[in-house]
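Novice: The structure's right below; bear with me while I get my questions together.
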Amino acid sequence: MVDTRSQYLKIKAEVDAAIQEILDSAAYIGGKAVQDFSNALNSYTGAEHTITCANGTDALQIAMMALGLEPGDEVITPSFTYIATTEVVALLRLKPVFVEVDRKTFCMDPEALRKAITPKTKAIVPVHLYGHAAPMKEILEIAAEHDLFVIEDNAQAIGCTYTFPDGTSKKAGTIGTIGTTSFYPSKNLGAYGDGGAIFTNDATLANKLKMIANHGQQKRYYHEMVGCNSRLDAIQAAILNIKLQKLDEYNTARKLVAAAYNKAFAGNDRIITPHVASYSDHVYHQYTLVLEGVDRDGLNKYLAEQRIPSMIYYPVPGHRQEMFATFDLPKYEMATTDWLTERVISLPVHTEMDEEQLAYITGNVLNFINR
Ligand SMILES: Cc1ncc(COP(=O)(O)O)c(C=O)c1O
């Protein structure tokens, strides 16, 4: 689905030198590289505070811990997302509440959100799925009405810009109370290992997030609260700092791939290409089609036979996952989520795709669908 090696080869000299510098400095944990990367993320995203951590799942967990959520508090997440979004809710013994997504954008449906709020609701976790922003204006309005926290799960949309109706814009992940992201290698800003970050504009919260990620301490060996151990290592920070400077270029390359796919599939009434809402741009972490009247799993198999990877993100929605069996969840009816689960398929999208690869992939997709 991605070609991280070809991308690395283009920046090899810079990356190798940065790694060597860390090895020479022997500052493997923390230090200048991590601080430089946090500062660079603040400049790029416009967030006032960035706290780096070990991965995107920890980032969500630390965010929920910092907001002081108590066991039994309800946290609303979409069902149609990667499991990490909701898993941390369960891990902290909070109560996951699943809501529907919009059929076109695959992101949280504000009307479904409104209906899911109860007196126990404390937080909303919109996910900027596949690289497209959730409808943040509506979500923020609902959150304000009910005094709820908003944690944006921005693991898949770093660099995506959200535009408010008055024309002002913000980077996805910097709009809610807290935003989180992942630097898993295949992400738009991918490390060569694990990594994550947390964004906020609230200085008090930033301090708490930082402490929680570091065993609840500000001063070494004086632990003021229960935290965890979640660090971005210096080698990854140095690599990410180089790649952050190229993030816009990388996202543009992804947009060009999406445009080529869109062109090839235009007019085919069995293929719904990704929608881009007026308030969002799309950084295509995934290029995901919705297929109507097509044997989707057959296409997945056929493409594999042609040595073309394709993926079903996600084959089982959250509300059907066995891990929540003991959570006393209601019997959810999620028509849109189920509809999407049966029809979506993601095609390869990365920064190093060429015309020949694109023609081979689109040709094979169309061969199968039109036969
Ligand atoms: C939507 C979403 N949330 C959270 C995560 C978790 O990130 P990580 O794999 O770095 O823990 C991911 C990434 O895989 C993701 O796609």
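Ordering of the structure tokens sets the chain letters (A, B, ...); residue numbers start at 1 within each chain; ligands are numbered from 1 in the order shown.
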Counting only C-alpha atoms and all ligand atoms, which protein, DNA or RNA residues come within 6 Å of ligand 1, given as a PyMOL selection string?
Specialist: chain A and resi 55-57+81-82+84-85+153+155-156+182-184+195-196
Novice: Which of stretch 171-267 of chain A counts as strand (DSSP E) under DSSP, as JSON, numbers by chain please?
Specialist: {"A": [171, 178, 179, 180, 181, 182, 196, 197, 198, 199, 200, 217, 218, 219, 222, 223]}
Novice: Assign secondary structure with DSSP using the backbone only, and return the residues of stretch 254-348 of chain A in helix (DSSP H, G or I) as a VMD selection string.
Specialist: chain A and resid 254 to 265 296 to 305 318 to 320 322 to 327 335 to 343
Novice: Between A:His282, A:Val88, A:Ala143, A:Lys95, which has the minimum distance to A:Pro110 (counting only C-alpha atoms)?
Specialist: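 With only C-alpha atoms as the atom set, the closest residue is A:Ala143.
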Novice: Do a neighbour search on stretch 60-67 of chain A at 10 Å with only C-alpha atoms, toss out local chain neighbours closer than 4 positions, and write the hits as an mmCIF file with C-alpha atoms, in the first residue's frame.
Specialist:
```
data_model
loop_
_atom_site.group_PDB
_atom_site.id
_atom_site.type_symbol
_atom_site.label_atom_id
_atom_site.label_comp_id
_atom_site.auth_asym_id
_atom_site.auth_seq_id
_atom_site.Cartn_x
_atom_site.Cartn_y
_atom_site.Cartn_z
ATOM 1 C CA CYS A 53 4.932 10.489 22.739
ATOM 2 C CA ASN A 55 2.550 6.306 19.356
ATOM 3 C CA GLY A 56 -0.901 7.519 18.359
ATOM 4 C CA VAL A 75 -16.963 9.072 25.418
ATOM 5 C CA ALA A 84 -7.291 2.485 18.754
ATOM 6 C CA THR A 85 -9.788 5.370 18.924
ATOM 7 C CA THR A 86 -12.213 3.383 21.061
ATOM 8 C CA GLU A 87 -9.853 0.868 22.616
ATOM 9 C CA VAL A 88 -8.288 3.497 24.879
ATOM 10 C CA VAL A 89 -11.761 4.525 26.063
ATOM 11 C CA LEU A 91 -8.843 0.584 28.595
ATOM 12 C CA LEU A 92 -9.461 3.515 30.953
ATOM 13 C CA LEU A 94 -14.696 4.816 30.406
ATOM 14 C CA LYS A 122 -17.883 13.908 28.867
ATOM 15 C CA ALA A 123 -15.966 13.833 25.602
ATOM 16 C CA VAL A 125 -13.593 11.925 19.707
ATOM 17 C CA PHE A 149 -14.278 18.001 25.606
ATOM 18 C CA ILE A 151 -10.311 15.122 21.288
ATOM 19 C CA GLU A 152 -9.511 15.039 17.577
ATOM 20 C CA ASP A 153 -8.015 11.744 16.469
ATOM 21 C CA ASN A 154 -5.806 13.095 13.716
ATOM 22 C CA ALA A 155 -3.686 9.985 13.154
ATOM 23 C CA THR A 177 -9.557 20.701 23.255
ATOM 24 C CA ILE A 178 -6.761 18.297 22.335
ATOM 25 C CA GLY A 179 -5.601 16.700 19.072
ATOM 26 C CA THR A 180 -3.586 13.525 18.697
ATOM 27 C CA THR A 181 -1.600 11.991 15.888
ATOM 28 C CA SER A 182 0.471 8.953 14.936
ATOM 29 C CA GLY A 196 2.963 10.031 18.219
ATOM 30 C CA ALA A 197 2.106 13.551 19.308
ATOM 31 C CA ILE A 198 -0.516 15.503 21.213
ATOM 32 C CA PHE A 199 -1.533 19.085 20.414
ATOM 33 C CA THR A 200 -3.278 21.680 22.546
ATOM 34 C CA LEU A 205 -3.409 21.055 29.890
ATOM 35 C CA ALA A 206 -0.105 20.935 27.996
ATOM 36 C CA ASN A 207 1.775 20.736 31.251
ATOM 37 C CA LYS A 208 -0.458 17.915 32.486
ATOM 38 C CA LEU A 209 -0.152 16.003 29.202
ATOM 39 C CA LYS A 210 3.614 16.289 29.411
ATOM 40 C CA MET A 211 3.658 15.029 32.980
ATOM 41 C CA ILE A 212 1.357 12.094 32.267
ATOM 42 C CA ALA A 213 3.541 10.998 29.353
ATOM 43 C CA VAL A 226 -0.413 8.475 37.830
ATOM 44 C CA GLY A 227 1.054 8.641 34.370
ATOM 45 C CA CYS A 228 2.718 6.314 31.927
ATOM 46 C CA SER A 230 5.456 7.272 26.510
#
```
Novice: Between A:His215, A:Lys171, A:Lys187, A:His128, single out the one closest to A:Lys243, counting only C-alpha atoms.
Specialist: A:Lys187
Novice: Expressed in Å to a single decimal, how great is the separation between atom CA of A:Gln286 and atom CA of A:Ile158?
Specialist: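 Between atom CA of A:Gln286 and atom CA of A:Ile158 the gap works out to 12.4 Å.
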